[in-house]
$ cat model.pdb   # PDB, C-alpha atoms
ATOM      1  CA  MET Q   1     -26.098 -14.667 101.370
ATOM      2  CA  PHE Q   2     -28.998 -16.715 100.145
ATOM      3  CA  ARG Q   3     -30.549 -13.666  98.496
ATOM      4  CA  LYS Q   4     -27.299 -12.909  96.667
ATOM      5  CA  LEU Q   5     -27.050 -16.492  95.426
ATOM      6  CA  ARG Q   6     -30.662 -16.495  94.283
ATOM      7  CA  SER Q   7     -30.077 -13.187  92.463
ATOM      8  CA  ARG Q   8     -27.030 -14.574  90.679
ATOM      9  CA  THR Q   9     -28.860 -17.762  89.776
ATOM     10  CA  GLY Q  10     -31.702 -15.725  88.294
ATOM     11  CA  LEU Q  11     -29.250 -13.685  86.267
ATOM     12  CA  VAL Q  12     -27.584 -16.804  84.887
ATOM     13  CA  LEU Q  13     -30.960 -18.309  83.972
ATOM     14  CA  SER Q  14     -32.076 -15.082  82.329
ATOM     15  CA  SER Q  15     -28.843 -14.904  80.337
ATOM     16  CA  ALA Q  16     -29.241 -18.529  79.244
ATOM     17  CA  VAL Q  17     -32.779 -17.831  78.026
ATOM     18  CA  ILE Q  18     -31.647 -14.785  76.035
ATOM     19  CA  ILE Q  19     -28.745 -16.678  74.486
ATOM     20  CA  GLY Q  20     -31.061 -19.562  73.661
ATOM     21  CA  LEU Q  21     -33.495 -17.231  71.958
ATOM     22  CA  LEU Q  22     -30.717 -15.601  69.931
ATOM     23  CA  ALA Q  23     -29.303 -18.973  68.928
ATOM     24  CA  SER Q  24     -32.779 -20.115  67.950
ATOM     25  CA  SER Q  25     -33.289 -17.054  65.783
ATOM     26  CA  PHE Q  26     -30.005 -17.719  63.986
ATOM     27  CA  ALA Q  27     -30.740 -21.411  63.579
ATOM     28  CA  MET Q  28     -34.109 -20.712  62.017
ATOM     29  CA  ALA Q  29     -32.881 -17.859  59.784
ATOM     30  CA  SER Q  30     -33.865 -18.385  56.145
ATOM     31  CA  GLY Q  31     -35.982 -16.486  53.635
ATOM     32  CA  GLU Q  32     -36.709 -12.763  53.405
ATOM     33  CA  GLY Q  33     -35.879 -10.583  56.369
ATOM     34  CA  LYS Q  34     -33.913 -13.259  58.225
ATOM     35  CA  THR Q  35     -30.408 -13.072  59.631
ATOM     36  CA  LEU Q  36     -27.458 -14.149  57.450
ATOM     37  CA  LEU Q  37     -25.841 -17.359  58.714
ATOM     38  CA  LEU Q  38     -22.073 -17.469  58.228
ATOM     39  CA  GLY Q  39     -20.728 -20.750  56.887
ATOM     40  CA  LYS Q  40     -24.225 -21.903  55.956
ATOM     41  CA  ARG Q  41     -26.539 -21.938  52.946
ATOM     42  CA  ASN Q  42     -28.727 -18.828  52.988
ATOM     43  CA  PRO Q  43     -31.580 -19.514  52.979
ATOM     44  CA  GLY Q  44     -31.583 -23.239  53.633
ATOM     45  CA  ALA Q  45     -31.952 -26.082  51.156
ATOM     46  CA  ASN Q  46     -35.731 -25.699  51.209
ATOM     47  CA  GLY Q  47     -36.541 -24.197  47.812
ATOM     48  CA  SER Q  48     -39.728 -22.595  49.069
ATOM     49  CA  GLN Q  49     -37.619 -20.338  51.292
ATOM     50  CA  ALA Q  50     -35.507 -18.955  48.417
ATOM     51  CA  LEU Q  51     -35.412 -15.173  48.189
ATOM     52  CA  SER Q  52     -37.878 -13.568  45.793
ATOM     53  CA  SER Q  53     -36.409 -10.069  45.878
ATOM     54  CA  GLU Q  54     -32.972  -8.453  45.709
ATOM     55  CA  THR Q  55     -30.742  -8.309  48.751
ATOM     56  CA  GLN Q  56     -29.174  -4.869  48.575
ATOM     57  CA  ILE Q  57     -26.059  -3.713  50.395
ATOM     58  CA  ILE Q  58     -25.684   0.065  50.095
ATOM     59  CA  ALA Q  59     -22.520   1.814  51.234
ATOM     60  CA  ASN Q  60     -21.168   5.346  51.216
ATOM     61  CA  THR Q  61     -17.436   4.914  51.656
ATOM     62  CA  GLY Q  62     -14.214   5.790  49.878
ATOM     63  CA  GLY Q  63     -13.320   2.107  49.739
ATOM     64  CA  TYR Q  64     -15.376  -0.833  48.536
ATOM     65  CA  GLY Q  65     -18.971  -1.399  49.561
ATOM     66  CA  THR Q  66     -18.268  -5.067  50.242
ATOM     67  CA  ARG Q  67     -15.171  -7.219  50.123
ATOM     68  CA  GLN Q  68     -14.903 -10.992  49.738
ATOM     69  CA  SER Q  69     -11.577 -12.724  50.192
ATOM     70  CA  ASN Q  70     -10.197 -16.189  50.835
ATOM     71  CA  LYS Q  71      -6.843 -16.826  52.551
ATOM     72  CA  SER Q  72      -6.643 -20.442  51.391
ATOM     73  CA  ASP Q  73      -3.965 -21.063  48.736
ATOM     74  CA  ASN Q  74      -6.391 -22.968  46.504
ATOM     75  CA  GLY Q  75      -9.750 -21.334  47.214
ATOM     76  CA  GLY Q  76     -11.530 -18.555  45.337
ATOM     77  CA  GLY Q  77     -12.922 -15.286  46.609
ATOM     78  CA  ALA Q  78     -16.451 -15.536  45.216
ATOM     79  CA  ILE Q  79     -18.592 -17.488  42.772
ATOM     80  CA  TYR Q  80     -21.837 -16.318  41.211
ATOM     81  CA  GLY Q  81     -24.248 -18.653  39.471
ATOM     82  CA  CYS Q  82     -27.443 -17.970  37.577
ATOM     83  CA  ARG Q  83     -29.735 -19.441  34.934
ATOM     84  CA  SER Q  84     -30.201 -16.373  32.760
ATOM     85  CA  LYS Q  85     -31.094 -16.929  29.103
ATOM     86  CA  LEU Q  86     -29.499 -15.481  25.957
ATOM     87  CA  GLY Q  87     -29.235 -11.795  25.204
ATOM     88  CA  GLY Q  88     -28.013 -10.249  28.421
ATOM     89  CA  THR Q  89     -29.308  -7.006  29.890
ATOM     90  CA  GLU Q  90     -30.397  -5.564  26.551
ATOM     91  CA  LYS Q  91     -32.779  -8.531  26.161
ATOM     92  CA  GLY Q  92     -34.029  -8.318  29.734
ATOM     93  CA  ASN Q  93     -31.917 -11.314  30.764
ATOM     94  CA  GLU Q  94     -29.509 -10.163  33.456
ATOM     95  CA  PRO Q  95     -26.024 -11.736  33.320
ATOM     96  CA  CYS Q  96     -24.618 -13.638  36.297
ATOM     97  CA  VAL Q  97     -22.268 -10.747  37.033
ATOM     98  CA  ARG Q  98     -22.636  -7.083  36.050
ATOM     99  CA  GLY Q  99     -20.437  -4.164  37.000
ATOM    100  CA  SER Q 100     -22.196  -0.866  36.371
ATOM    101  CA  ASN Q 101     -20.387   2.434  36.952
ATOM    102  CA  LEU Q 102     -22.871   5.300  37.031
ATOM    103  CA  ALA Q 103     -20.037   7.808  36.580
ATOM    104  CA  ASP Q 104     -17.399   7.810  33.813
ATOM    105  CA  GLY Q 105     -14.826   5.525  35.425
ATOM    106  CA  ARG Q 106     -14.062   1.858  34.947
ATOM    107  CA  ALA Q 107     -16.789  -0.722  35.425
ATOM    108  CA  PHE Q 108     -14.318  -3.510  36.167
ATOM    109  CA  GLU Q 109     -10.660  -4.387  36.696
ATOM    110  CA  PHE Q 110      -8.946  -7.772  36.786
ATOM    111  CA  SER Q 111      -5.560  -8.002  38.462
ATOM    112  CA  SER Q 112      -3.150 -10.871  39.047
ATOM    113  CA  ASN Q 113       0.189 -10.825  40.865
ATOM    114  CA  GLY Q 114       1.823 -13.364  38.555
ATOM    115  CA  GLY Q 115       1.402 -16.523  36.544
ATOM    116  CA  THR Q 116       1.218 -16.993  32.793
ATOM    117  CA  GLU Q 117      -2.360 -15.766  32.379
ATOM    118  CA  VAL Q 118      -4.658 -13.309  34.126
ATOM    119  CA  GLY Q 119      -7.941 -15.028  33.309
ATOM    120  CA  ARG Q 120      -9.831 -17.454  31.101
ATOM    121  CA  ILE Q 121     -13.191 -17.398  29.331
ATOM    122  CA  GLU Q 122     -14.804 -20.795  28.765
ATOM    123  CA  SER Q 123     -17.961 -21.733  26.871
ATOM    124  CA  GLY Q 124     -19.862 -24.949  26.381
ATOM    125  CA  ASN Q 125     -20.059 -23.838  22.739
ATOM    126  CA  THR Q 126     -16.455 -23.565  21.534
ATOM    127  CA  LYS Q 127     -17.605 -21.577  18.477
ATOM    128  CA  ALA Q 128     -19.212 -18.852  20.600
ATOM    129  CA  ALA Q 129     -17.716 -15.345  20.640
ATOM    130  CA  PRO Q 130     -15.714 -14.952  23.898
ATOM    131  CA  PHE Q 131     -17.095 -11.422  24.253
ATOM    132  CA  THR Q 132     -18.662  -8.616  22.222
ATOM    133  CA  THR Q 133     -18.413  -4.832  22.474
ATOM    134  CA  ASN Q 134     -19.892  -1.710  20.923
ATOM    135  CA  ALA Q 135     -16.723   0.249  21.726
ATOM    136  CA  THR Q 136     -14.545   1.120  18.726
ATOM    137  CA  GLY Q 137     -11.522   2.632  20.476
ATOM    138  CA  VAL Q 138      -8.070   1.026  20.569
ATOM    139  CA  ALA Q 139      -7.626  -1.482  23.409
ATOM    140  CA  THR Q 140      -4.236  -0.662  24.914
ATOM    141  CA  GLY Q 141      -2.204  -3.829  25.352
ATOM    142  CA  LEU Q 142      -4.687  -5.895  23.360
ATOM    143  CA  ASN Q 143      -2.513  -5.607  20.254
ATOM    144  CA  ALA Q 144      -4.463  -6.505  17.153
ATOM    145  CA  ASP Q 145      -1.220  -5.999  15.188
ATOM    146  CA  GLN Q 146       0.242  -9.051  16.904
ATOM    147  CA  VAL Q 147      -0.901 -12.587  16.085
ATOM    148  CA  ASP Q 148       1.200 -15.471  17.389
ATOM    149  CA  GLY Q 149       3.918 -12.923  18.151
ATOM    150  CA  LYS Q 150       4.065 -11.577  14.586
ATOM    151  CA  SER Q 151       3.204  -8.087  13.405
ATOM    152  CA  ALA Q 152       0.834  -7.390  10.528
ATOM    153  CA  ASP Q 153       3.819  -6.614   8.267
ATOM    154  CA  GLU Q 154       5.461  -9.918   9.177
ATOM    155  CA  ILE Q 155       2.229 -11.816   8.604
ATOM    156  CA  GLN Q 156       1.752 -10.102   5.244
ATOM    157  CA  LYS Q 157       5.334 -10.885   4.211
ATOM    158  CA  ALA Q 158       4.957 -14.499   5.292
ATOM    159  CA  ALA Q 159       1.712 -14.757   3.315
ATOM    160  CA  THR Q 160       3.364 -13.164   0.253
ATOM    161  CA  ASP Q 161       6.364 -15.464   0.510
ATOM    162  CA  ALA Q 162       4.083 -18.479   0.906
ATOM    163  CA  ALA Q 163       2.018 -17.385  -2.102
ATOM    164  CA  HIS Q 164       5.203 -16.919  -4.148
ATOM    165  CA  THR Q 165       6.464 -20.319  -3.065
ATOM    166  CA  ASP Q 166       3.130 -21.886  -3.963
ATOM    167  CA  ALA Q 167       3.152 -20.110  -7.319
ATOM    168  CA  VAL Q 168       6.674 -21.321  -8.046
ATOM    169  CA  ALA Q 169       5.759 -24.829  -6.950
ATOM    170  CA  THR Q 170       2.653 -24.714  -9.125
ATOM    171  CA  ALA Q 171       4.620 -23.422 -12.097
ATOM    172  CA  GLN Q 172       7.260 -26.069 -11.566
ATOM    173  CA  GLY Q 173       4.592 -28.690 -11.224
ATOM    174  CA  LEU Q 174       3.145 -27.616 -14.588
ATOM    175  CA  THR Q 175       6.564 -27.570 -16.289
ATOM    176  CA  SER Q 176       8.372 -30.807 -17.079
ATOM    177  CA  PHE Q 177      11.824 -31.087 -18.603
ATOM    178  CA  ALA Q 178      14.480 -33.564 -19.616
ATOM    179  CA  ALA Q 179      18.219 -33.059 -20.120
ATOM    180  CA  VAL Q 180      19.447 -35.699 -22.576
ATOM    181  CA  ALA Q 181      23.105 -36.441 -23.457
ATOM    182  CA  ALA Q 182      24.291 -37.091 -27.018
ATOM    183  CA  ASP Q 183      24.243 -40.853 -26.350
ATOM    184  CA  GLY Q 184      20.605 -40.706 -25.150
ATOM    185  CA  THR Q 185      21.304 -40.835 -21.399
ATOM    186  CA  LEU Q 186      18.649 -39.052 -19.320
ATOM    187  CA  GLY Q 187      20.149 -36.541 -16.890
ATOM    188  CA  GLY Q 188      18.288 -33.838 -14.988
ATOM    189  CA  LYS Q 189      14.541 -34.223 -15.211
ATOM    190  CA  ARG Q 190      11.121 -33.300 -13.879
ATOM    191  CA  GLY Q 191       8.227 -35.444 -15.063
ATOM    192  CA  ALA Q 192      10.407 -37.371 -17.540
ATOM    193  CA  THR Q 193      10.890 -41.075 -16.886
ATOM    194  CA  ALA Q 194      13.171 -42.301 -19.691
ATOM    195  CA  ALA Q 195      15.226 -41.292 -22.726
ATOM    196  CA  ALA Q 196      16.952 -43.276 -25.462
ATOM    197  CA  ASP Q 197      19.034 -42.841 -28.650
ATOM    198  CA  ALA Q 198      16.582 -44.432 -31.041
ATOM    199  CA  THR Q 199      18.789 -45.140 -34.094
ATOM    200  CA  GLY Q 200      22.188 -43.680 -33.304
ATOM    201  CA  ASP Q 201      21.958 -40.847 -35.855
ATOM    202  CA  GLY Q 202      20.412 -37.951 -33.920
ATOM    203  CA  ARG Q 203      17.031 -39.523 -33.352
ATOM    204  CA  TYR Q 204      15.837 -39.889 -29.749
ATOM    205  CA  THR Q 205      12.768 -40.674 -27.685
ATOM    206  CA  VAL Q 206      11.879 -39.082 -24.344
ATOM    207  CA  THR Q 207       9.052 -40.487 -22.226
ATOM    208  CA  PHE Q 208       7.080 -38.517 -19.629
ATOM    209  CA  ALA Q 209       4.993 -39.833 -16.726
ATOM    210  CA  ASN Q 210       1.760 -38.047 -17.650
ATOM    211  CA  ASP Q 211      -0.305 -37.051 -20.669
ATOM    212  CA  ILE Q 212       1.326 -33.954 -22.219
ATOM    213  CA  SER Q 213      -0.925 -33.624 -25.237
ATOM    214  CA  ALA Q 214      -2.247 -30.258 -23.990
ATOM    215  CA  CYS Q 215       1.264 -28.864 -23.403
ATOM    216  CA  ALA Q 216       3.821 -26.930 -25.454
ATOM    217  CA  ILE Q 217       6.983 -28.909 -26.286
ATOM    218  CA  GLN Q 218      10.286 -27.171 -27.016
ATOM    219  CA  GLY Q 219      13.713 -28.688 -27.733
ATOM    220  CA  THR Q 220      17.074 -26.890 -27.610
ATOM    221  CA  GLU Q 221      20.540 -28.267 -28.445
ATOM    222  CA  GLN Q 222      23.088 -27.814 -25.698
ATOM    223  CA  VAL Q 223      26.142 -27.116 -27.893
ATOM    224  CA  ILE Q 224      27.384 -23.838 -29.355
ATOM    225  CA  ASP Q 225      29.571 -24.954 -32.241
ATOM    226  CA  ASN Q 226      27.938 -26.522 -35.306
ATOM    227  CA  SER Q 227      24.542 -26.498 -33.611
ATOM    228  CA  GLY Q 228      21.367 -26.903 -35.590
ATOM    229  CA  ALA Q 229      17.617 -27.115 -35.217
ATOM    230  CA  VAL Q 230      15.700 -29.526 -32.992
ATOM    231  CA  ALA Q 231      12.438 -31.116 -34.150
ATOM    232  CA  THR Q 232       9.916 -32.706 -31.770
ATOM    233  CA  GLU Q 233       6.811 -34.829 -32.290
ATOM    234  CA  LEU Q 234       4.421 -36.263 -29.684
ATOM    235  CA  GLY Q 235       3.608 -39.922 -30.057
ATOM    236  CA  ALA Q 236       0.193 -41.573 -30.084
ATOM    237  CA  ASP Q 237       0.478 -42.507 -26.404
ATOM    238  CA  LYS Q 238       0.547 -38.736 -25.583
ATOM    239  CA  LYS Q 239       3.573 -39.313 -23.327
ATOM    240  CA  THR Q 240       6.477 -40.120 -25.627
ATOM    241  CA  VAL Q 241       8.249 -37.410 -27.642
ATOM    242  CA  SER Q 242      10.355 -38.208 -30.720
ATOM    243  CA  VAL Q 243      13.283 -35.814 -31.059
ATOM    244  CA  VAL Q 244      15.617 -35.173 -34.011
ATOM    245  CA  THR Q 245      18.788 -33.086 -33.593
ATOM    246  CA  ARG Q 246      20.812 -31.656 -36.514
ATOM    247  CA  ALA Q 247      24.141 -30.139 -37.312
ATOM    248  CA  ALA Q 248      24.460 -26.586 -38.606
ATOM    249  CA  ASP Q 249      24.245 -27.798 -42.238
ATOM    250  CA  GLY Q 250      20.901 -29.483 -41.507
ATOM    251  CA  THR Q 251      22.129 -33.061 -41.484
ATOM    252  CA  VAL Q 252      20.854 -35.292 -38.702
ATOM    253  CA  ALA Q 253      23.512 -35.634 -35.997
ATOM    254  CA  ASP Q 254      23.786 -36.688 -32.385
ATOM    255  CA  ARG Q 255      23.602 -33.641 -30.125
ATOM    256  CA  PRO Q 256      22.873 -33.187 -26.378
ATOM    257  CA  PHE Q 257      19.601 -31.339 -25.870
ATOM    258  CA  HIS Q 258      17.053 -30.064 -23.395
ATOM    259  CA  LEU Q 259      13.376 -30.790 -23.809
ATOM    260  CA  THR Q 260      10.883 -28.512 -22.012
ATOM    261  CA  VAL Q 261       7.203 -29.279 -21.681
ATOM    262  CA  SER Q 262       5.032 -26.355 -20.490
ATOM    263  CA  CYS Q 263       1.434 -27.057 -19.515
TER     264      CYS Q 263
END
$ encode --input "model.pdb" --output "structure tokens"
Amino acid sequence: MFRKLRSRTGLVLSSAVIIGLLASSFAMASGEGKTLLLGKRNPGANGSQALSSETQIIANTGGYGTRQSNKSDNGGGAIYGCRSKLGGTEKGNEPCVRGSNLADGRAFEFSSNGGTEVGRIESGNTKAAPFTTNATGVATGLNADQVDGKSADEIQKAATDAAHTDAVATAQGLTSFAAVAADGTLGGKRGATAAADATGDGRYTVTFANDISACAIQGTEQVIDNSGAVATELGADKKTVSVVTRAADGTVADRPFHLTVSC
């Protein structure tokens, strides 16, 4: 009985020593050739123990060589950080992440089960290009014919309409007018500020807000029967126009008229 107990005790002690050695090897693992510690920093925080060569995981399987996943509802699957400088692989500065397919299939895929966006590209320089490519083929789904939900034709039409509107607004802004009644009352107007029957015998004045000395001035009577000519003359202030309206026989007479000033 004593021998059996001593044998069991020796076995327990031997097992404890082996376990202790294994635990020690895991606890001290850091640097090249050491065991990976799950849930820990590999290697440790000691910068002198950082790896100086690639850690390669080579697989020959129909699935993925490695898989990283996180079952938390707010945790990510993986994060890769680096301090690589500008230029990428072509400049000898490896990017933080590179997918290289040595055959002719896809180098990467991004997939999301829902939400309003699949991914986001951020840069500390907001004027930086989000990505570049030497490929010239059509990117299916990345519709260059759609900008803010509008097709190229719609954008072109909107631009044409806007240009037309601007042209009309510009033309209107350069054209002033005044509709004056026979008694000198100012009616419809653009740019005109006042009108008056100067003497009561077909002589009027029309005042505009701005200098119209570089503009063409045209007057037209607004009656059909017994209508005559309209004479205009710009005053010394370059804003006031003297107008004379006449009957068909040439005599000065009160007549309603339109005055147009085109600049």
$ closest_atom_pairs --input "model.pdb" --of "range 118-227 of chain Q" --to "range 242-260 of chain Q" --cutoff "7 Å" --atoms "all atoms listed in the file" --output "CSV"
residue,atom,partner,partner_atom,distance
Q:Ser176,CA,Q:Thr260,CA,6.0
Q:Phe177,CA,Q:Thr260,CA,4.4
Q:Ala178,CA,Q:Leu259,CA,5.1
Q:Ala179,CA,Q:His258,CA,4.6
Q:Val180,CA,Q:Phe257,CA,5.5
Q:Ala181,CA,Q:Pro256,CA,4.4
Q:Ala182,CA,Q:Pro256,CA,4.2
Q:Asp201,CA,Q:Ala253,CA,5.4
Q:Gly202,CA,Q:Asp254,CA,3.9
Q:Arg203,CA,Q:Val244,CA,4.6
Q:Tyr204,CA,Q:Val243,CA,5.0
Q:Thr205,CA,Q:Ser242,CA,4.6
Q:Val206,CA,Q:Ser242,CA,6.6
Q:Ile217,CA,Q:Thr260,CA,5.8
Q:Gln218,CA,Q:Thr260,CA,5.2
Q:Gly219,CA,Q:Leu259,CA,4.5
Q:Thr220,CA,Q:His258,CA,5.3
Q:Glu221,CA,Q:Phe257,CA,4.1
Q:Gln222,CA,Q:Phe257,CA,5.0
Q:Asn226,CA,Q:Ala248,CA,4.8
Q:Ser227,CA,Q:Ala248,CA,5.0
$ write_last_selection --input "model.pdb" --atoms "C-alpha atoms" --output "PDB file, keeping the file's coordinate frame"
ATOM      1  CA  SER Q 176       8.372 -30.807 -17.079  1.00  0.00           C
ATOM      2  CA  PHE Q 177      11.824 -31.087 -18.603  1.00  0.00           C
ATOM      3  CA  ALA Q 178      14.480 -33.564 -19.616  1.00  0.00           C
ATOM      4  CA  ALA Q 179      18.219 -33.059 -20.120  1.00  0.00           C
ATOM      5  CA  VAL Q 180      19.447 -35.699 -22.576  1.00  0.00           C
ATOM      6  CA  ALA Q 181      23.105 -36.441 -23.457  1.00  0.00           C
ATOM      7  CA  ALA Q 182      24.291 -37.091 -27.018  1.00  0.00           C
ATOM      8  CA  ASP Q 201      21.958 -40.847 -35.855  1.00  0.00           C
ATOM      9  CA  GLY Q 202      20.412 -37.951 -33.920  1.00  0.00           C
ATOM     10  CA  ARG Q 203      17.031 -39.523 -33.352  1.00  0.00           C
ATOM     11  CA  TYR Q 204      15.837 -39.889 -29.749  1.00  0.00           C
ATOM     12  CA  THR Q 205      12.768 -40.674 -27.685  1.00  0.00           C
ATOM     13  CA  VAL Q 206      11.879 -39.082 -24.344  1.00  0.00           C
ATOM     14  CA  ILE Q 217       6.983 -28.909 -26.286  1.00  0.00           C
ATOM     15  CA  GLN Q 218      10.286 -27.171 -27.016  1.00  0.00           C
ATOM     16  CA  GLY Q 219      13.713 -28.688 -27.733  1.00  0.00           C
ATOM     17  CA  THR Q 220      17.074 -26.890 -27.610  1.00  0.00           C
ATOM     18  CA  GLU Q 221      20.540 -28.267 -28.445  1.00  0.00           C
ATOM     19  CA  GLN Q 222      23.088 -27.814 -25.698  1.00  0.00           C
ATOM     20  CA  ASN Q 226      27.938 -26.522 -35.306  1.00  0.00           C
ATOM     21  CA  SER Q 227      24.542 -26.498 -33.611  1.00  0.00           C
TER      22      SER Q 227
END
$ closest_residue --input "model.pdb" --among "Q:Ile121, Q:Val230, Q:Val261, Q:Cys82" --to "Ala192 in chain Q" --atoms "all atoms listed in the file"
Q:Val261
$ residues_near_point --input "model.pdb" --point "(-5.0, 0.0, 30.5)" --cutoff "12 Å" --atoms "all atoms listed in the file" --output "list in words"
Arg106, Phe108, Glu109, Phe110, Ser111, Val138, Ala139, Thr140, Gly141, Leu142 and Asn143 of chain Q
$ axis_aligned_box --input "model.pdb" --around "range 52-68 of chain Q" --padding-each-side "8 Å" --output "AutoDock Vina command-line options"
--center_x -25.6 --center_y -3.9 --center_z 48.7 --size_x 40.6 --size_y 35.4 --size_z 21.9
$ atom_distance --input "model.pdb" --atom1 "CA of Asn210 in chain Q" --atom2 "CA of Val241 in chain Q"
11.9 Å
$ residues_around --input "model.pdb" --residues "Thr193 in chain Q" --least-positions-apart "3" --cutoff "8 Å" --atoms "all atoms listed in the file" --output "ChimeraX atom specification"
/Q:189,206-209
$ write_last_selection --input "model.pdb" --atoms "C-alpha atoms" --output "compact mmCIF listing (two decimals), keeping the file's coordinate frame"
# COMPACT_ATOMS: atom_id res chain seq x y z
CA LYS Q 189 14.54 -34.22 -15.21
CA VAL Q 206 11.88 -39.08 -24.34
CA THR Q 207 9.05 -40.49 -22.23
CA PHE Q 208 7.08 -38.52 -19.63
CA ALA Q 209 4.99 -39.83 -16.73
$ residues_around --input "model.pdb" --residues "Thr185 in chain Q" --least-positions-apart "5" --cutoff "8 Å" --atoms "all atoms listed in the file" --output "ChimeraX atom specification"
/Q:180,195-197
$ atom_distance --input "model.pdb" --atom1 "CA of Asp237 in chain Q" --atom2 "CA of Ile212 in chain Q"
9.6 Å
$ atom_distance --input "model.pdb" --atom1 "CA of Asp73 in chain Q" --atom2 "CA of Leu37 in chain Q"
24.3 Å
$ resolve_selection --input "model.pdb" --expression "the PyMOL selection byres ((chain Q and resi 79) around 12)" --output "PyMOL selection string"
chain Q and resi 68-70+75-78+80-82+96-97
$ residues_around --input "model.pdb" --residues "Pro95 in chain Q" --least-positions-apart "6" --cutoff "9 Å" --atoms "only C-alpha atoms" --output "list in words"
Cys82, Arg83, Ser84, Lys85, Leu86, Gly87, Gly88 and Thr89 of chain Q
$ write_last_selection --input "model.pdb" --atoms "C-alpha atoms" --output "PDB file, in the frame of the given file"
ATOM      1  CA  CYS Q  82     -27.443 -17.970  37.577  1.00  0.00           C
ATOM      2  CA  ARG Q  83     -29.735 -19.441  34.934  1.00  0.00           C
ATOM      3  CA  SER Q  84     -30.201 -16.373  32.760  1.00  0.00           C
ATOM      4  CA  LYS Q  85     -31.094 -16.929  29.103  1.00  0.00           C
ATOM      5  CA  LEU Q  86     -29.499 -15.481  25.957  1.00  0.00           C
ATOM      6  CA  GLY Q  87     -29.235 -11.795  25.204  1.00  0.00           C
ATOM      7  CA  GLY Q  88     -28.013 -10.249  28.421  1.00  0.00           C
ATOM      8  CA  THR Q  89     -29.308  -7.006  29.890  1.00  0.00           C
TER       9      THR Q  89
END
$ decode --input "model.pdb" --residues "range 100-116 of chain Q" --atoms "N, CA and C atoms" --output "PDB file, in the first residue's frame"
ATOM      1  N   SER Q 100      -3.148  40.123 -52.010  1.00  0.00           N
ATOM      2  CA  SER Q 100      -2.485  39.826 -53.275  1.00  0.00           C
ATOM      3  C   SER Q 100      -2.920  38.457 -53.767  1.00  0.00           C
ATOM      4  N   ASN Q 101      -3.649  38.418 -54.883  1.00  0.00           N
ATOM      5  CA  ASN Q 101      -4.082  37.158 -55.474  1.00  0.00           C
ATOM      6  C   ASN Q 101      -3.109  36.803 -56.595  1.00  0.00           C
ATOM      7  N   LEU Q 102      -2.416  35.700 -56.449  1.00  0.00           N
ATOM      8  CA  LEU Q 102      -1.418  35.310 -57.444  1.00  0.00           C
ATOM      9  C   LEU Q 102      -2.054  34.662 -58.667  1.00  0.00           C
ATOM     10  N   ALA Q 103      -3.358  34.389 -58.606  1.00  0.00           N
ATOM     11  CA  ALA Q 103      -4.081  33.902 -59.779  1.00  0.00           C
ATOM     12  C   ALA Q 103      -4.854  35.080 -60.380  1.00  0.00           C
ATOM     13  N   ASP Q 104      -5.972  34.807 -61.071  1.00  0.00           N
ATOM     14  CA  ASP Q 104      -6.691  35.892 -61.740  1.00  0.00           C
ATOM     15  C   ASP Q 104      -8.038  36.187 -61.078  1.00  0.00           C
ATOM     16  N   GLY Q 105      -8.172  35.807 -59.815  1.00  0.00           N
ATOM     17  CA  GLY Q 105      -9.419  36.081 -59.101  1.00  0.00           C
ATOM     18  C   GLY Q 105      -9.348  37.385 -58.326  1.00  0.00           C
ATOM     19  N   ARG Q 106     -10.326  37.582 -57.471  1.00  0.00           N
ATOM     20  CA  ARG Q 106     -10.414  38.818 -56.698  1.00  0.00           C
ATOM     21  C   ARG Q 106      -9.333  38.861 -55.614  1.00  0.00           C
ATOM     22  N   ALA Q 107      -8.826  40.053 -55.376  1.00  0.00           N
ATOM     23  CA  ALA Q 107      -7.863  40.249 -54.296  1.00  0.00           C
ATOM     24  C   ALA Q 107      -8.563  40.603 -52.995  1.00  0.00           C
ATOM     25  N   PHE Q 108      -9.802  41.088 -53.079  1.00  0.00           N
ATOM     26  CA  PHE Q 108     -10.515  41.427 -51.845  1.00  0.00           C
ATOM     27  C   PHE Q 108     -12.016  41.439 -52.104  1.00  0.00           C
ATOM     28  N   GLU Q 109     -12.778  41.289 -51.043  1.00  0.00           N
ATOM     29  CA  GLU Q 109     -14.226  41.471 -51.035  1.00  0.00           C
ATOM     30  C   GLU Q 109     -14.609  42.109 -49.706  1.00  0.00           C
ATOM     31  N   PHE Q 110     -15.581  43.011 -49.742  1.00  0.00           N
ATOM     32  CA  PHE Q 110     -16.156  43.560 -48.522  1.00  0.00           C
ATOM     33  C   PHE Q 110     -17.647  43.242 -48.551  1.00  0.00           C
ATOM     34  N   SER Q 111     -18.159  42.725 -47.460  1.00  0.00           N
ATOM     35  CA  SER Q 111     -19.562  42.324 -47.430  1.00  0.00           C
ATOM     36  C   SER Q 111     -20.197  42.767 -46.121  1.00  0.00           C
ATOM     37  N   SER Q 112     -21.419  43.271 -46.209  1.00  0.00           N
ATOM     38  CA  SER Q 112     -22.158  43.676 -45.018  1.00  0.00           C
ATOM     39  C   SER Q 112     -23.587  43.163 -45.133  1.00  0.00           C
ATOM     40  N   ASN Q 113     -24.148  42.706 -44.018  1.00  0.00           N
ATOM     41  CA  ASN Q 113     -25.501  42.154 -44.039  1.00  0.00           C
ATOM     42  C   ASN Q 113     -26.580  43.230 -44.040  1.00  0.00           C
ATOM     43  N   GLY Q 114     -26.258  44.456 -43.783  1.00  0.00           N
ATOM     44  CA  GLY Q 114     -27.276  45.501 -43.734  1.00  0.00           C
ATOM     45  C   GLY Q 114     -26.672  46.841 -43.397  1.00  0.00           C
ATOM     46  N   GLY Q 115     -27.512  47.760 -42.973  1.00  0.00           N
ATOM     47  CA  GLY Q 115     -27.044  49.104 -42.655  1.00  0.00           C
ATOM     48  C   GLY Q 115     -27.110  50.004 -43.871  1.00  0.00           C
ATOM     49  N   THR Q 116     -26.769  51.264 -43.682  1.00  0.00           N
ATOM     50  CA  THR Q 116     -26.861  52.248 -44.755  1.00  0.00           C
ATOM     51  C   THR Q 116     -25.558  52.427 -45.509  1.00  0.00           C
TER      52      THR Q 116
END
